[in-house]
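As structure tokens, the structure follows; a few thoughts come after it.
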Amino acid sequence: MAPQEDQEIHRHLACLFREVGTDCFYRGRYTETLAMFREALRQEPDDTGAWFGVGVVHGKQENTSEAIAAYREVLRLAPDFAPAWLNLGAAYYTHGNFDLAIAAYREARRLEPWNPRVWFSLGLAYNEREEVWEAIVAFETALQLRPECVEAWFLLAICHAKRERFREEIRALQEVVRLRSDLLEAWLNLGVAHRQLGELAPALESFTKALRLQPDSVGGWLELGVTRGMNGEHGEAARAFLEATRLKPDDAHAWLSLGNAYGEMGQYGDSIAALLEAIRCKRDSSEAWCLLGMAYDYQGQPGEAVPALLEAIRLQPEYAEAWFGLGYAYLDQGHWAQAASAYQEALRLTPQSDKPWPVAAWKCLGQAYLQEGENAQAVHAYGKAIGLRPHDATAWYGLGHAYFRQRRFIKAVRAYLIARRHVPGGGSDHSP
């Protein structure tokens, strides 16, 4: 037989084995598929279709190294075969090599810039590498080519959220739920995005729709509870958190949120019980220990509060709120020096804080200094509180008291008058 005829026979046999392998592939018989493609390659070693099929089957079986090797053979034989570049990028992506994935996807983009799958895949890899702006451009281009791609809208929303572009995130998620109104995570993310912008009514609506889809969603009940609390509906918030604990009794975060909601309502006994459950679920939760200590103190049990707050600080030594709560507990016990030390530590940890409690910390520190007879330090502390909140009547009153102790009577009278001016109705509130 002539060599040319022999080559032709091998080519026809390779084509036959490849067709049988393709049929096996669509029937889900991957072992037979590989056997047929390998037989095709034995007949025709440079059969790009067979090499491509080998890569696809290995990809399906998550044998990424073998898939990469097969696609490289395809590209050795056909460097401008875009599907091989795309699948090679996917194999590298699965393997966790995002740099090589992006390089392969760029080759596919060069060859098929009109292909939305190429742009979508490029967006995935950029997103994994935290190149968020590049990912946004890739997903937006994919959506220009295929506007109905739910996955691209969803991932575009995630990228916008990473850059705190919540309005753009909302627009993308609205497209997601327009196309697929049954996606729980989309409704939850939409609610969170609205909440980030202070839009509590649409946030509540989104969480309600999420829970209508999946009533046993612990995350849905937690997000609903947080939003109810932000809206001042602490009773409704507590009910939502209670439902979360019913669905998942060992969820420390749900118990902690419930304890916080009870605390907001002044139900400190219920708050303590919930926070103890949170600690049972997660003993190293510094936040739970801190809130427990504060709840004990608010209930008039500073002796119980101090150990809980010290445990929070042991777990997280730079926990400013815990130091602040510890100062309060020591103040309620009449341990003025220890209170002053705790307040100083809290303020050291938050020198530029815009939270409201540092004002209270300076005022309480001033009170502790007064009780210790350290009048000059008390003047300084109350002055700091007034610097942060110039219209705080209790800070002015405390400053007046410190001046009075120093026998600086004119300054004391002036401070008392300013305090009176800032109290609604012209009365006075002497509590620090």
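Following the order of the structure tokens, first chain is A, next is B, and so on, with residues numbered from 1 inside each chain and ligands from 1 in the order they appear.
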Which of range 127-172 of chain A DSSP labels alpha helix (DSSP H), written as a PyMOL selection string: chain A and resi 127-128+132-145+150-162+166-172
I'd like the neighbourhood of Tyr382 in chain A as a PDB file with C-alpha atoms, in the first residue's frame, where a residue qualifies if any of its atoms comes within 8 Å (using only C-alpha atoms), though same-chain residues fewer than 3 positions away should be ignored.
```pdb
ATOM      1  CA  TRP A 362     -14.304  62.117  78.485  1.00  0.00           C
ATOM      2  CA  LYS A 363     -17.214  63.119  80.725  1.00  0.00           C
ATOM      3  CA  GLY A 366     -13.847  63.911  84.313  1.00  0.00           C
ATOM      4  CA  ALA A 378     -11.175  66.923  85.496  1.00  0.00           C
ATOM      5  CA  VAL A 379     -11.165  70.366  83.854  1.00  0.00           C
ATOM      6  CA  ALA A 385     -15.801  66.503  75.838  1.00  0.00           C
ATOM      7  CA  ILE A 386     -16.966  70.053  75.077  1.00  0.00           C
ATOM      8  CA  ALA A 395     -20.114  68.351  80.042  1.00  0.00           C
ATOM      9  CA  TRP A 396     -20.521  72.070  80.820  1.00  0.00           C
ATOM     10  CA  GLY A 398     -19.126  68.887  84.997  1.00  0.00           C
ATOM     11  CA  LEU A 399     -16.679  71.591  83.952  1.00  0.00           C
TER      12      LEU A 399
END
```
9 Å contact set for Leu276 in chain A, only C-alpha atoms, chain neighbours under 6 positions out, as a PyMOL selection string: chain A and resi 255-256+259+288-289+292
Restricting the output to N, CA and C atoms, write the selected residues as a JSON list (two decimals), in the first residue's frame.
```json
[["chain", "number", "residue", "atom", "x", "y", "z"],
["A", 255, "TRP", "N", -27.67, 34.89, 68.19],
["A", 255, "TRP", "CA", -27.90, 35.14, 69.62],
["A", 255, "TRP", "C", -27.34, 36.50, 70.04],
["A", 256, "LEU", "N", -26.16, 36.84, 69.51],
["A", 256, "LEU", "CA", -25.57, 38.14, 69.85],
["A", 256, "LEU", "C", -26.47, 39.28, 69.38],
["A", 259, "GLY", "N", -29.43, 39.52, 71.65],
["A", 259, "GLY", "CA", -29.06, 40.17, 72.91],
["A", 259, "GLY", "C", -28.93, 41.66, 72.75],
["A", 288, "ALA", "N", -19.49, 39.50, 72.22],
["A", 288, "ALA", "CA", -20.52, 38.97, 73.11],
["A", 288, "ALA", "C", -20.16, 39.23, 74.56],
["A", 289, "TRP", "N", -18.89, 39.02, 74.95],
["A", 289, "TRP", "CA", -18.47, 39.31, 76.32],
["A", 289, "TRP", "C", -18.63, 40.79, 76.65],
["A", 292, "LEU", "N", -22.30, 41.56, 77.03],
["A", 292, "LEU", "CA", -22.76, 40.95, 78.29],
["A", 292, "LEU", "C", -22.36, 41.81, 79.48]]
```
Residues near Phe166 in chain A, cut-off 9 Å, only C-alpha atoms, skip fewer than 4 positions along chain, as a PDB file with N, CA and C atoms, in the first residue's frame:
```pdb
ATOM      1  N   ALA A 157     -22.531  43.416  40.014  1.00  0.00           N
ATOM      2  CA  ALA A 157     -23.007  44.015  41.268  1.00  0.00           C
ATOM      3  C   ALA A 157     -21.998  43.783  42.388  1.00  0.00           C
ATOM      4  N   HIS A 160     -19.129  46.211  41.981  1.00  0.00           N
ATOM      5  CA  HIS A 160     -19.513  47.558  42.413  1.00  0.00           C
ATOM      6  C   HIS A 160     -19.528  47.650  43.939  1.00  0.00           C
ATOM      7  N   ALA A 161     -20.014  46.598  44.602  1.00  0.00           N
ATOM      8  CA  ALA A 161     -20.041  46.600  46.071  1.00  0.00           C
ATOM      9  C   ALA A 161     -18.630  46.679  46.642  1.00  0.00           C
ATOM     10  N   ILE A 170     -26.995  48.480  43.077  1.00  0.00           N
ATOM     11  CA  ILE A 170     -28.458  48.332  43.088  1.00  0.00           C
ATOM     12  C   ILE A 170     -28.990  48.180  41.665  1.00  0.00           C
ATOM     13  N   ARG A 171     -28.481  49.004  40.734  1.00  0.00           N
ATOM     14  CA  ARG A 171     -28.961  48.912  39.349  1.00  0.00           C
ATOM     15  C   ARG A 171     -28.681  47.522  38.767  1.00  0.00           C
ATOM     16  N   ALA A 193     -27.481  46.585  49.935  1.00  0.00           N
ATOM     17  CA  ALA A 193     -27.048  47.768  49.195  1.00  0.00           C
ATOM     18  C   ALA A 193     -27.941  48.968  49.501  1.00  0.00           C
ATOM     19  N   HIS A 194     -29.262  48.749  49.536  1.00  0.00           N
ATOM     20  CA  HIS A 194     -30.173  49.841  49.913  1.00  0.00           C
ATOM     21  C   HIS A 194     -29.863  50.333  51.330  1.00  0.00           C
ATOM     22  N   GLN A 196     -27.027  50.258  52.902  1.00  0.00           N
ATOM     23  CA  GLN A 196     -25.781  51.015  52.900  1.00  0.00           C
ATOM     24  C   GLN A 196     -26.013  52.472  52.538  1.00  0.00           C
ATOM     25  N   LEU A 197     -27.041  52.728  51.736  1.00  0.00           N
ATOM     26  CA  LEU A 197     -27.372  54.105  51.337  1.00  0.00           C
ATOM     27  C   LEU A 197     -28.406  54.729  52.269  1.00  0.00           C
TER      28      LEU A 197
END
```
Residue contacts of Gln299 in chain A (9 Å, only C-alpha atoms) excluding same-chain residues fewer than 2 positions away, as a VMD selection string: chain A and resid 266 to 269 294 to 297 301 to 302
